[in-house]
>>> print(open('entry_2.pdb').read())   # PDB, C-alpha atoms
ATOM      1  CA  MET A 169       9.544 -26.569 -12.838
ATOM      2  CA  ASN A 170      10.889 -29.668 -11.153
ATOM      3  CA  SER A 171      14.517 -30.212 -10.183
ATOM      4  CA  ASN A 172      15.184 -32.573 -13.095
ATOM      5  CA  SER A 173      15.145 -29.631 -15.523
ATOM      6  CA  ILE A 174      17.547 -27.459 -13.468
ATOM      7  CA  THR A 175      21.280 -27.173 -14.071
ATOM      8  CA  GLN A 176      22.153 -24.404 -11.614
ATOM      9  CA  LEU A 177      20.135 -21.847  -9.674
ATOM     10  CA  PRO A 178      21.488 -18.285  -9.383
ATOM     11  CA  ARG A 179      23.058 -16.874  -6.223
ATOM     12  CA  PRO A 180      20.255 -15.332  -4.122
ATOM     13  CA  THR A 181      20.345 -11.920  -2.475
ATOM     14  CA  ALA A 182      18.995 -13.469   0.739
ATOM     15  CA  ILE A 183      17.267 -16.636   1.940
ATOM     16  CA  LEU A 184      14.094 -16.755   4.022
ATOM     17  CA  TRP A 185      13.826 -20.213   5.565
ATOM     18  CA  ASP A 186      10.610 -21.907   6.573
ATOM     19  CA  LEU A 187      11.072 -24.243   9.550
ATOM     20  CA  ASP A 188       8.608 -27.140   9.883
ATOM     21  CA  GLY A 189       8.686 -29.571   6.977
ATOM     22  CA  THR A 190      11.639 -27.713   5.467
ATOM     23  CA  LEU A 191      14.480 -27.740   8.000
ATOM     24  CA  ILE A 192      12.911 -30.002  10.610
ATOM     25  CA  ASP A 193      10.255 -32.658  10.994
ATOM     26  CA  GLN A 194       8.509 -32.072  14.314
ATOM     27  CA  THR A 195       5.325 -33.746  13.165
ATOM     28  CA  ALA A 196       5.321 -36.438  15.861
ATOM     29  CA  ALA A 197       5.249 -33.960  18.747
ATOM     30  CA  ILE A 198       2.907 -31.530  16.984
ATOM     31  CA  THR A 199       0.285 -34.132  16.085
ATOM     32  CA  LEU A 200       0.499 -35.682  19.554
ATOM     33  CA  CYS A 201      -0.067 -32.290  21.165
ATOM     34  CA  TYR A 202      -3.068 -31.490  18.969
ATOM     35  CA  ARG A 203      -4.499 -34.937  19.669
ATOM     36  CA  GLU A 204      -4.058 -34.646  23.426
ATOM     37  CA  VAL A 205      -5.540 -31.157  23.642
ATOM     38  CA  ILE A 206      -8.517 -31.868  21.383
ATOM     39  CA  VAL A 207      -9.443 -35.152  23.075
ATOM     40  CA  LYS A 208      -8.985 -33.693  26.564
ATOM     41  CA  MET A 209     -11.466 -30.966  25.623
ATOM     42  CA  GLY A 210     -14.047 -33.645  24.837
ATOM     43  CA  TYR A 211     -13.874 -33.708  21.048
ATOM     44  CA  PRO A 212     -13.373 -36.842  18.904
ATOM     45  CA  GLN A 213      -9.775 -37.881  18.286
ATOM     46  CA  PRO A 214      -8.595 -36.127  15.106
ATOM     47  CA  ASP A 215      -7.002 -37.905  12.177
ATOM     48  CA  ASP A 216      -3.219 -37.484  12.191
ATOM     49  CA  ASP A 217      -3.084 -36.975   8.433
ATOM     50  CA  ALA A 218      -5.694 -34.212   8.613
ATOM     51  CA  ILE A 219      -3.566 -32.455  11.229
ATOM     52  CA  ARG A 220      -0.386 -32.925   9.214
ATOM     53  CA  ARG A 221      -1.813 -31.547   5.991
ATOM     54  CA  SER A 222      -3.147 -28.464   7.763
ATOM     55  CA  LEU A 223       0.254 -27.465   9.153
ATOM     56  CA  GLY A 224       2.050 -24.416   7.782
ATOM     57  CA  GLY A 225      -0.599 -21.884   8.633
ATOM     58  CA  VAL A 226      -1.471 -20.422  12.019
ATOM     59  CA  MET A 227      -2.446 -22.662  14.944
ATOM     60  CA  ALA A 228      -6.043 -21.429  14.906
ATOM     61  CA  ALA A 229      -6.471 -22.704  11.347
ATOM     62  CA  THR A 230      -5.598 -26.243  12.408
ATOM     63  CA  MET A 231      -7.513 -26.089  15.697
ATOM     64  CA  GLY A 232     -10.519 -24.727  13.832
ATOM     65  CA  LEU A 233     -10.849 -28.014  11.967
ATOM     66  CA  PHE A 234     -11.633 -29.818  15.218
ATOM     67  CA  VAL A 235     -12.628 -27.259  17.873
ATOM     68  CA  GLU A 236     -15.603 -24.882  18.018
ATOM     69  CA  ALA A 237     -14.813 -21.197  17.579
ATOM     70  CA  GLU A 238     -15.947 -20.243  21.080
ATOM     71  CA  ARG A 239     -13.347 -22.626  22.582
ATOM     72  CA  MET A 240     -10.484 -21.652  20.282
ATOM     73  CA  ASP A 241      -8.658 -19.500  22.821
ATOM     74  CA  GLU A 242      -8.859 -22.276  25.422
ATOM     75  CA  ALA A 243      -7.507 -24.823  22.931
ATOM     76  CA  CYS A 244      -4.592 -22.679  21.776
ATOM     77  CA  LYS A 245      -3.572 -21.864  25.352
ATOM     78  CA  ALA A 246      -3.648 -25.562  26.242
ATOM     79  CA  PHE A 247      -1.479 -26.368  23.228
ATOM     80  CA  ARG A 248       1.105 -23.717  24.128
ATOM     81  CA  LYS A 249       1.248 -25.004  27.696
ATOM     82  CA  ARG A 250       1.704 -28.657  26.715
ATOM     83  CA  PHE A 251       3.921 -28.407  23.629
ATOM     84  CA  PRO A 252       7.157 -27.229  25.330
ATOM     85  CA  GLU A 253       7.042 -30.375  27.473
ATOM     86  CA  ILE A 254       7.221 -32.702  24.452
ATOM     87  CA  MET A 255       8.578 -30.490  21.670
ATOM     88  CA  PHE A 256      11.866 -32.336  21.161
ATOM     89  CA  ASP A 257      10.342 -35.832  21.246
ATOM     90  CA  GLY A 258      10.907 -37.395  17.830
ATOM     91  CA  LEU A 259      12.420 -34.219  16.351
ATOM     92  CA  ILE A 260      14.181 -34.901  13.033
ATOM     93  CA  LEU A 261      16.681 -32.555  11.371
ATOM     94  CA  LEU A 262      15.980 -32.925   7.669
ATOM     95  CA  ALA A 263      18.837 -34.008   5.429
ATOM     96  CA  GLY A 264      20.966 -31.299   3.873
ATOM     97  CA  GLY A 265      19.599 -28.449   5.970
ATOM     98  CA  ILE A 266      22.411 -27.557   8.341
ATOM     99  CA  GLU A 267      24.981 -28.156   5.601
ATOM    100  CA  LEU A 268      23.252 -25.725   3.230
ATOM    101  CA  ILE A 269      22.765 -23.161   6.002
ATOM    102  CA  GLU A 270      26.485 -23.297   6.780
ATOM    103  CA  ARG A 271      27.382 -22.890   3.095
ATOM    104  CA  VAL A 272      25.080 -19.877   2.801
ATOM    105  CA  TYR A 273      26.643 -18.376   5.936
ATOM    106  CA  LYS A 274      30.155 -18.828   4.523
ATOM    107  CA  ALA A 275      29.003 -17.218   1.279
ATOM    108  CA  ARG A 276      27.902 -14.169   3.328
ATOM    109  CA  ILE A 277      24.335 -14.329   2.117
ATOM    110  CA  PRO A 278      21.808 -12.984   4.673
ATOM    111  CA  GLN A 279      19.481 -15.619   6.129
ATOM    112  CA  VAL A 280      16.456 -15.574   8.414
ATOM    113  CA  ILE A 281      14.098 -18.228   9.765
ATOM    114  CA  PHE A 282      10.531 -17.181   9.073
ATOM    115  CA  THR A 283       7.695 -19.332  10.423
ATOM    116  CA  ASN A 284       4.145 -19.383  11.722
ATOM    117  CA  LYS A 285       5.328 -21.518  14.654
ATOM    118  CA  HIS A 286       5.166 -19.586  17.942
ATOM    119  CA  GLY A 287       8.265 -17.374  17.996
ATOM    120  CA  ASP A 288       9.645 -18.503  21.368
ATOM    121  CA  THR A 289       9.222 -22.154  20.407
ATOM    122  CA  ALA A 290      10.822 -21.601  17.001
ATOM    123  CA  ARG A 291      13.880 -19.967  18.568
ATOM    124  CA  LYS A 292      14.280 -22.838  21.047
ATOM    125  CA  VAL A 293      14.179 -25.302  18.155
ATOM    126  CA  SER A 294      16.656 -23.215  16.157
ATOM    127  CA  ARG A 295      19.126 -23.207  19.043
ATOM    128  CA  TYR A 296      18.610 -26.922  19.723
ATOM    129  CA  ALA A 297      19.164 -27.819  16.059
ATOM    130  CA  GLY A 298      22.248 -25.626  15.658
ATOM    131  CA  PHE A 299      20.663 -23.253  13.150
ATOM    132  CA  ALA A 300      20.984 -20.200  15.412
ATOM    133  CA  LYS A 301      24.778 -20.373  15.157
ATOM    134  CA  TYR A 302      24.454 -19.300  11.523
ATOM    135  CA  ILE A 303      21.018 -17.617  11.519
ATOM    136  CA  PRO A 304      20.648 -15.321  14.532
ATOM    137  CA  ILE A 305      17.260 -13.917  13.503
ATOM    138  CA  CYS A 306      14.197 -16.150  13.799
ATOM    139  CA  ILE A 307      10.748 -14.586  13.452
ATOM    140  CA  GLY A 308       7.654 -16.559  14.347
ATOM    141  CA  GLY A 309       4.028 -16.329  15.275
ATOM    142  CA  ALA A 310       3.118 -13.819  18.009
ATOM    143  CA  ASP A 311       6.310 -11.832  17.368
ATOM    144  CA  THR A 312       4.218  -9.383  15.327
ATOM    145  CA  GLN A 313       0.539  -8.807  14.591
ATOM    146  CA  TRP A 314       0.953 -10.529  11.206
ATOM    147  CA  HIS A 315       1.399 -14.084   9.979
ATOM    148  CA  LYS A 316       2.535 -15.836   6.799
ATOM    149  CA  PRO A 317       1.661 -15.262   3.990
ATOM    150  CA  GLN A 318       0.792 -11.625   4.753
ATOM    151  CA  LEU A 319       2.947  -9.145   2.846
ATOM    152  CA  ALA A 320       3.409  -6.913   5.906
ATOM    153  CA  LEU A 321       5.176  -9.725   7.767
ATOM    154  CA  THR A 322       7.416 -10.593   4.832
ATOM    155  CA  GLN A 323       8.406  -6.940   4.455
ATOM    156  CA  HIS A 324       9.127  -6.799   8.192
ATOM    157  CA  VAL A 325      11.380  -9.847   7.835
ATOM    158  CA  LEU A 326      13.217  -8.367   4.847
ATOM    159  CA  ASP A 327      13.708  -5.117   6.759
ATOM    160  CA  LYS A 328      15.171  -7.048   9.706
ATOM    161  CA  ILE A 329      17.950  -8.457   7.525
ATOM    162  CA  GLU A 330      18.188  -5.272   5.455
ATOM    163  CA  VAL A 331      17.620  -6.759   2.009
ATOM    164  CA  PRO A 332      15.193  -6.039  -0.855
ATOM    165  CA  ALA A 333      12.647  -8.506  -2.145
ATOM    166  CA  GLU A 334      14.371  -8.523  -5.523
ATOM    167  CA  GLY A 335      16.718 -11.479  -5.744
ATOM    168  CA  SER A 336      15.621 -12.908  -2.388
ATOM    169  CA  ILE A 337      14.180 -16.403  -2.115
ATOM    170  CA  ILE A 338      12.022 -18.331   0.314
ATOM    171  CA  ILE A 339      12.694 -22.026   0.834
ATOM    172  CA  GLY A 340       9.646 -23.895   2.092
ATOM    173  CA  ASP A 341       7.431 -26.937   1.821
ATOM    174  CA  SER A 342       3.861 -25.686   1.549
ATOM    175  CA  PRO A 343       1.408 -23.550  -0.422
ATOM    176  CA  THR A 344       1.682 -21.009   2.409
ATOM    177  CA  ASP A 345       5.347 -20.462   1.529
ATOM    178  CA  ILE A 346       4.455 -20.148  -2.135
ATOM    179  CA  ALA A 347       1.818 -17.532  -1.255
ATOM    180  CA  VAL A 348       4.471 -15.616   0.712
ATOM    181  CA  ALA A 349       6.593 -15.469  -2.432
ATOM    182  CA  GLN A 350       3.709 -14.482  -4.687
ATOM    183  CA  ASN A 351       2.563 -11.714  -2.346
ATOM    184  CA  ALA A 352       6.032 -10.239  -1.879
ATOM    185  CA  GLY A 353       7.649 -10.778  -5.275
ATOM    186  CA  LEU A 354      10.101 -13.431  -4.078
ATOM    187  CA  THR A 355      11.271 -16.610  -5.756
ATOM    188  CA  CYS A 356      10.078 -19.791  -4.036
ATOM    189  CA  TYR A 357      12.048 -23.037  -3.964
ATOM    190  CA  CYS A 358      10.096 -25.880  -2.379
ATOM    191  CA  VAL A 359      10.978 -29.296  -1.000
ATOM    192  CA  THR A 360       8.674 -32.298  -0.721
ATOM    193  CA  THR A 361       9.842 -33.189   2.799
ATOM    194  CA  GLY A 362       6.651 -31.786   4.336
ATOM    195  CA  ALA A 363       3.037 -32.759   3.740
ATOM    196  CA  HIS A 364       2.755 -31.769   0.066
ATOM    197  CA  SER A 365       3.733 -33.557  -3.128
ATOM    198  CA  LEU A 366       5.704 -32.232  -6.084
ATOM    199  CA  GLU A 367       2.480 -31.996  -8.088
ATOM    200  CA  GLU A 368       0.677 -30.043  -5.368
ATOM    201  CA  LEU A 369       3.548 -27.602  -4.955
ATOM    202  CA  MET A 370       3.936 -27.061  -8.694
ATOM    203  CA  GLU A 371       0.197 -26.486  -9.061
ATOM    204  CA  ALA A 372       0.346 -23.923  -6.230
ATOM    205  CA  GLY A 373       3.021 -21.991  -8.123
ATOM    206  CA  ALA A 374       6.439 -22.987  -6.758
ATOM    207  CA  ASP A 375       9.295 -21.841  -8.998
ATOM    208  CA  VAL A 376      11.231 -25.080  -8.505
ATOM    209  CA  VAL A 377      10.519 -28.195  -6.434
ATOM    210  CA  PHE A 378      13.159 -30.548  -5.022
ATOM    211  CA  GLY A 379      12.945 -33.853  -3.231
ATOM    212  CA  SER A 380      15.184 -32.631  -0.422
ATOM    213  CA  LEU A 381      17.462 -29.824   0.722
ATOM    214  CA  THR A 382      20.377 -32.012  -0.322
ATOM    215  CA  GLU A 383      19.139 -31.839  -3.926
ATOM    216  CA  LEU A 384      18.504 -28.105  -3.649
ATOM    217  CA  GLY A 385      21.984 -27.567  -2.233
ATOM    218  CA  GLN A 386      23.523 -29.322  -5.207
ATOM    219  CA  ALA A 387      21.683 -27.005  -7.602
ATOM    220  CA  ILE A 388      22.133 -23.590  -5.999
ATOM    221  CA  LYS A 389      25.064 -21.299  -6.766
ATOM    222  CA  LEU A 390      26.529 -19.669  -3.662
ATOM    223  CA  LEU A 391      30.141 -18.766  -4.505
ATOM    224  CA  GLU A 392      31.558 -19.405  -1.039
ATOM    225  CA  LEU A 393      34.302 -16.975  -0.055
TER     226      LEU A 393
END
>>> encode(input="entry_2.pdb", output="structure tokens")
Amino acid sequence: MNSNSITQLPRPTAILWDLDGTLIDQTAAITLCYREVIVKMGYPQPDDDAIRRSLGGVMAATMGLFVEAERMDEACKAFRKRFPEIMFDGLILLAGGIELIERVYKARIPQVIFTNKHGDTARKVSRYAGFAKYIPICIGGADTQWHKPQLALTQHVLDKIEVPAEGSIIIGDSPTDIAVAQNAGLTCYCVTTGAHSLEELMEAGADVVFGSLTELGQAIKLLEL
């Protein structure tokens, strides 16, 4: 359902946060890095919108749209080398995110950041943005042998914060986040601050879709202590 039909959402057992497109917009640096790497390897310059809409999965899925399979390892290594040099260029903290995180923290609800972004990079972003003050655990790509939306990774994340799937929610911006919820029996609240529209997210199976984290924050019951 969309946010217009919601009066108040129940207090969750725990919150699993997606990062890109949900809490931050790092699209400028990400698309630039893909562009630079792909062109430097001799391929045609990719379309920025094609890159943007592919985000949310693993790096290889995006690279695979533009780079031959036999050069995938080379491309991913080049990306990981270049991205830390530009990762904060144009970084945007999305409205309502840090405020909602702080409210959840004060309500003593467990939180974790859960992303396919490379784990070391995700933790640097979390510290830079101020999220780590309230959410000490951030699990990303290469931290385990799994990736979103695999159930094994979601269970690993739930185990890390010692909560059951029942009553827990994931807040994200993409069909990948919705698939995480469907695979693990979570509730999924989505925001349209990433690359996907309300209609696309509803069609993919989101439980509720909001225009922003500010709107979501106004709807969710936390019972701060």
>>> resolve_selection(input="entry_2.pdb", expression="the PyMOL selection byres ((chain A and resi 360) around 10)", output="ChimeraX atom specification")
/A:189-190,340-342,358-359,361-369,377-381
>>> closest_residue(input="entry_2.pdb", among="A:Ala246, A:Glu236, A:Val226, A:Leu177", to="Val205 of chain A", atoms="only C-alpha atoms")
A:Ala246
>>> residues_near_point(input="entry_2.pdb", point="(-3.0, -28.2, 30.7)", cutoff="12 Å", atoms="only C-alpha atoms", output="PyMOL selection string")
chain A and resi 201+204-206+208-209+242-253
>>> axis_aligned_box(input="entry_2.pdb", around="segment 372-387 of chain A", padding_each_side="6 Å", output="AutoDock Vina command-line options")
--center_x 11.9 --center_y -27.8 --center_z -4.1 --size_x 35.2 --size_y 24.0 --size_z 21.7
>>> resolve_selection(input="entry_2.pdb", expression="the PyMOL selection byres ((chain A and resi 289-304) around 7)", output="PyMOL selection string")
chain A and resi 266+269-270+273+279-280+285-288+305-306+308
>>> closest_residue(input="entry_2.pdb", among="A:Tyr357, A:Ile338, A:Ala197, A:Leu191", to="Met255 of chain A", atoms="only C-alpha atoms")
A:Ala197
>>> atom_distance(input="entry_2.pdb", atom1="atom CA of Val207 of chain A", atom2="atom CA of Phe234 of chain A")
9.7 Å
>>> resolve_selection(input="entry_2.pdb", expression="the PyMOL selection byres ((chain A and resi 283) around 7)", output="PDB file with C-alpha atoms, in the coordinates of the input")
ATOM      1  CA  ASP A 186      10.610 -21.907   6.573  1.00  0.00           C
ATOM      2  CA  LEU A 187      11.072 -24.243   9.550  1.00  0.00           C
ATOM      3  CA  ILE A 281      14.098 -18.228   9.765  1.00  0.00           C
ATOM      4  CA  PHE A 282      10.531 -17.181   9.073  1.00  0.00           C
ATOM      5  CA  ASN A 284       4.145 -19.383  11.722  1.00  0.00           C
ATOM      6  CA  LYS A 285       5.328 -21.518  14.654  1.00  0.00           C
ATOM      7  CA  ILE A 307      10.748 -14.586  13.452  1.00  0.00           C
ATOM      8  CA  GLY A 308       7.654 -16.559  14.347  1.00  0.00           C
ATOM      9  CA  GLY A 309       4.028 -16.329  15.275  1.00  0.00           C
TER      10      GLY A 309
END
>>> atom_distance(input="entry_2.pdb", atom1="atom CA of Asp327 of chain A", atom2="atom CA of Arg276 of chain A")
17.2 Å
